[in-house]
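Shown next, in structure tokens, is the structure this report addresses.
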Amino acid sequence: MRFFFHPAYVAPLPDGHSFPMSKYETTREALTRAGVLFEEPAIATREMLIRVHAEAYADAVIAAGVPKEIERRIGFPVTPAVSLRSRLSVGGTWAAARAALADGFAANVAGGSHHAMPDGGAGYCVLNDLAVTAAGLLAEGLVQRLLILDLDVHQGDGTAVCLAGWPAAFTFSLHAERNFPVRKARSGRDVELADGMADAEYLDVLAAELPGLFDVARPQIVLVQAGVDPHVDDRLGRLALTDAGLQARDRMVREACLRAGVPFAVTLGGGYDRDVVRLGERHAASLLSLAGHYVAAE
């Protein structure tokens, strides 16, 4: 059970910024209370990034010189600290994927930055760690086929676009139909959900989808975007899952991977509860459920 975290995952943002950057630290604290030990990832290299990102954009991120119009789409400035954080987050997903291939499961306590496009970031996402990792696994011959299972409340539009030229990477997105982004991309399989959908109906949809995804993708690894923003209390979500529903979702994903005999690596994904301590506990419970250590939900 390997978890990757780096202190630089928490980067300073302008005063009063709405993105809950401190959630990475509160998630780490909650996992530490559960007995988790952490490894630090290496920073992603330029060579890794340019498999899916335009060279000019990758260089701008590395130099912390991202144009203002792209920073506006991202939602915060790409300072040197944010640049470091973004490249380490990619490195964490890459490390988790490599560890999962060896051990069956691993998690990055960051990542899931699924809105980042080839030529620019968006929606609080600077670099697309899922796409970079998928392309790296395929380019280096570590796997021949993989599945990206995106369970964030928002569509994984950037991942779909970044991997459009990689047919061996099958992308799946289960998201709220009326949520960001307004213009959806085309994943390998998209399932759009009605506002207010609660636990039972959501779990029925996911249970119906999973077997077919494994049949079509025939993955040798699954990369999971385990966003907790489908939660009823999330300020940027439009669904109504409870803590128990999220953990049931995560157990379902774990059991599907185990039944198929496929290793899986998990990324943190979205979560925007105003109570950042509670949000960290929710993310931690999700990761622990995926790891097979279930947390009693209230």
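Here, A, B, ... name the chains of the structure tokens in the order displayed, residue numbers run from 1 inside each chain, and ligands are numbered from 1 in the same displayed order.
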Subject >> Shell of 9 Å around region 164-172 of chain A, only C-alpha atoms, local chain residues under 4 positions omitted, as an MDAnalysis selection string >> reply: chainID A and resid 131 134:135 138 144:151 156 159:160 186:191 213 216:217 219
**OP:** Might you pull out every residue within 10 Å of Ala54 (chain A), with only C-alpha atoms counted and same-chain residues fewer than 5 positions away left off, and present them as a PyMOL selection string?
**Re:** chain A and resi 49+59-60+117-120
Write to file, as a compact mmCIF listing (two decimals), in the first residue's frame, the residues of the selection just made, with C-alpha atoms.
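Written output follows (result_0.txt):
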# COMPACT_ATOMS: atom_id res chain seq x y z
CA LEU A 49 5.47 16.47 -20.26
CA ASP A 59 8.51 25.25 -21.19
CA ALA A 60 6.33 28.12 -19.97
CA MET A 117 -5.18 20.67 -22.33
CA PRO A 118 -2.19 20.08 -24.61
CA ASP A 119 -1.52 23.81 -25.04
CA GLY A 120 -2.74 25.23 -21.73
Original post:
Just asking: which residues within region 102-169 of chain A are strand (DSSP E or B) according to DSSP, as a ChimeraX atom specification?
Top reply: /A:105-108,117,120,122,125,146-150,169
Could the residues in this selection be written to a file with N, CA and C atoms, as a short mmCIF file (atom, residue, chain, number, x, y, z; two decimals), in the first residue's frame?
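Below you can see selection19.cif, which holds the result:
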data_model
loop_
_atom_site.label_atom_id
_atom_site.label_comp_id
_atom_site.auth_asym_id
_atom_site.auth_seq_id
_atom_site.Cartn_x
_atom_site.Cartn_y
_atom_site.Cartn_z
N PHE A 105 -1.59 -1.83 -6.29
CA PHE A 105 -2.29 -0.59 -5.93
C PHE A 105 -1.27 0.44 -5.45
N ALA A 106 -1.53 1.70 -5.78
CA ALA A 106 -0.79 2.82 -5.20
C ALA A 106 -1.62 4.07 -5.41
N ALA A 107 -1.29 5.13 -4.65
CA ALA A 107 -2.07 6.36 -4.73
C ALA A 107 -1.17 7.58 -4.68
N ASN A 108 -1.57 8.60 -5.43
CA ASN A 108 -0.95 9.91 -5.36
C ASN A 108 -1.89 10.82 -4.57
N MET A 117 -5.20 21.00 -20.91
CA MET A 117 -5.18 20.67 -22.33
C MET A 117 -3.74 20.59 -22.85
N GLY A 120 -2.44 24.33 -22.82
CA GLY A 120 -2.74 25.23 -21.73
C GLY A 120 -3.57 24.58 -20.65
N ALA A 122 -6.44 24.73 -17.39
CA ALA A 122 -7.80 25.26 -17.21
C ALA A 122 -8.36 24.66 -15.92
N CYS A 125 -6.26 23.35 -13.13
CA CYS A 125 -5.35 22.28 -13.57
C CYS A 125 -4.27 22.87 -14.45
N LEU A 146 -4.56 0.65 -21.51
CA LEU A 146 -4.92 1.13 -20.17
C LEU A 146 -6.28 1.81 -20.20
N LEU A 147 -6.84 1.97 -19.01
CA LEU A 147 -8.14 2.60 -18.82
C LEU A 147 -7.98 3.75 -17.84
N ILE A 148 -8.50 4.91 -18.20
CA ILE A 148 -8.61 6.02 -17.26
C ILE A 148 -10.06 6.11 -16.81
N LEU A 149 -10.27 5.94 -15.52
CA LEU A 149 -11.60 5.92 -14.93
C LEU A 149 -11.77 7.22 -14.15
N ASP A 150 -12.49 8.17 -14.74
CA ASP A 150 -12.62 9.51 -14.17
C ASP A 150 -13.99 9.65 -13.50
N ALA A 169 -5.16 4.12 -24.96
CA ALA A 169 -5.61 4.69 -23.69
C ALA A 169 -7.09 4.97 -23.79
#
Original post:
What gap, in Å, lies between CA of Ala95 (chain A) and CA of Pro41 (chain A)?
Top reply: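 Result for CA of Ala95 (chain A) versus CA of Pro41 (chain A): 6.2 Å, one decimal.
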**OP:** Return as a PyMOL selection string the full set of residues in region 62-210 of chain A whose backbone-based DSSP assignment is alpha helix (DSSP H).
**Re:** chain A and resi 62+68-74+80-103+129-139+157-162+199-210
**OP:** Compile the contact shell of His6 (chain A) as a PyMOL selection string: residues with an atom at most 10 Å away, counting only C-alpha atoms, same-chain residues fewer than 5 positions apart removed.
**Re:** chain A and resi 24-25+28+38-42+85+88-89+92+108-110
Could you dump the residues just selected with C-alpha atoms as an mmCIF file, in the first residue's frame?
data_model
loop_
_atom_site.group_PDB
_atom_site.id
_atom_site.type_symbol
_atom_site.label_atom_id
_atom_site.label_comp_id
_atom_site.auth_asym_id
_atom_site.auth_seq_id
_atom_site.Cartn_x
_atom_site.Cartn_y
_atom_site.Cartn_z
ATOM 1 C CA TYR A 24 -3.589 18.282 0.337
ATOM 2 C CA GLU A 25 -2.100 18.798 3.775
ATOM 3 C CA ARG A 28 -2.096 13.852 4.431
ATOM 4 C CA PHE A 38 4.429 8.311 2.469
ATOM 5 C CA GLU A 39 7.055 8.323 -0.246
ATOM 6 C CA GLU A 40 8.122 11.482 -2.059
ATOM 7 C CA PRO A 41 7.894 11.452 -5.866
ATOM 8 C CA ALA A 42 10.479 12.804 -8.256
ATOM 9 C CA ARG A 85 3.835 21.720 -7.345
ATOM 10 C CA LEU A 88 5.701 17.106 -8.661
ATOM 11 C CA SER A 89 2.016 16.202 -8.924
ATOM 12 C CA GLY A 92 3.432 11.535 -8.085
ATOM 13 C CA ASN A 108 -0.953 9.912 -5.365
ATOM 14 C CA VAL A 109 -2.198 12.313 -2.686
ATOM 15 C CA ALA A 110 -2.625 14.955 -5.413
#
Original post:
Which residues, written as a list in words, have at least one atom at most 12 Å from Pro80 (chain A), with only C-alpha atoms counted and residues fewer than 6 positions away on the same chain left out?
Top reply: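 Here the answer would be Ala8, Ala11, Pro12, Leu13, Ala60, Val61, Ile62, Ala63, Ala64, Gly65, Val66, Ser86 and Arg87 of chain A.
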**OP:** Could you give me, as a list in words, the residues within 8 Å of Leu246 (chain A), counting only C-alpha atoms and dropping anything in the same chain fewer than 3 positions from it?
**Re:**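 The filter keeps Asp199, Val228, Pro230, His231, Leu241, Thr242, Asp243, Arg249, Asp250 and Ser286 of chain A.
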Original post:
Quick one: residues within 7 Å of Ala194 (chain A), only C-alpha atoms counted, chain neighbours fewer than 3 positions away excluded, as a list in words?
Top reply: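 The neighbour list is Ala176, Glu177 and Met197 of chain A.
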Original post:
Using only C-alpha atoms, which residue out of A:Ala198, A:Ala260, A:Ala248, A:Ala116 lies closest to Ile70 (chain A)?
Top reply: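 Of all the options, A:Ala116 lies closest to Ile70 (chain A).
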Subject >> Distance criterion (only C-alpha atoms): nearest to Asp215 (chain A) out of A:Val82, A:Ile74, A:Met21, A:Ala256 >> reply: A:Ala256
Subject >> Minimum-distance residue to Met252 (chain A), chosen among A:Cys162, A:Leu37, A:Leu206, A:Ala185 (using only C-alpha atoms) >> reply: A:Leu206
Original post:
Between A:Ala240, A:Ala30, A:Leu137, A:Met1, which one has atoms that come closest to Leu279 (chain A), using only C-alpha atoms?
Top reply: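 Of all the options, A:Ala30 lies closest to Leu279 (chain A).
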Original post:
Using only C-alpha atoms, which residue out of A:Glu69, A:Asp129, A:Asp229, A:Asp275 lies closest to Ile50 (chain A)?
Top reply: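 That would be A:Asp129, the residue with the smallest distance to Ile50 (chain A).
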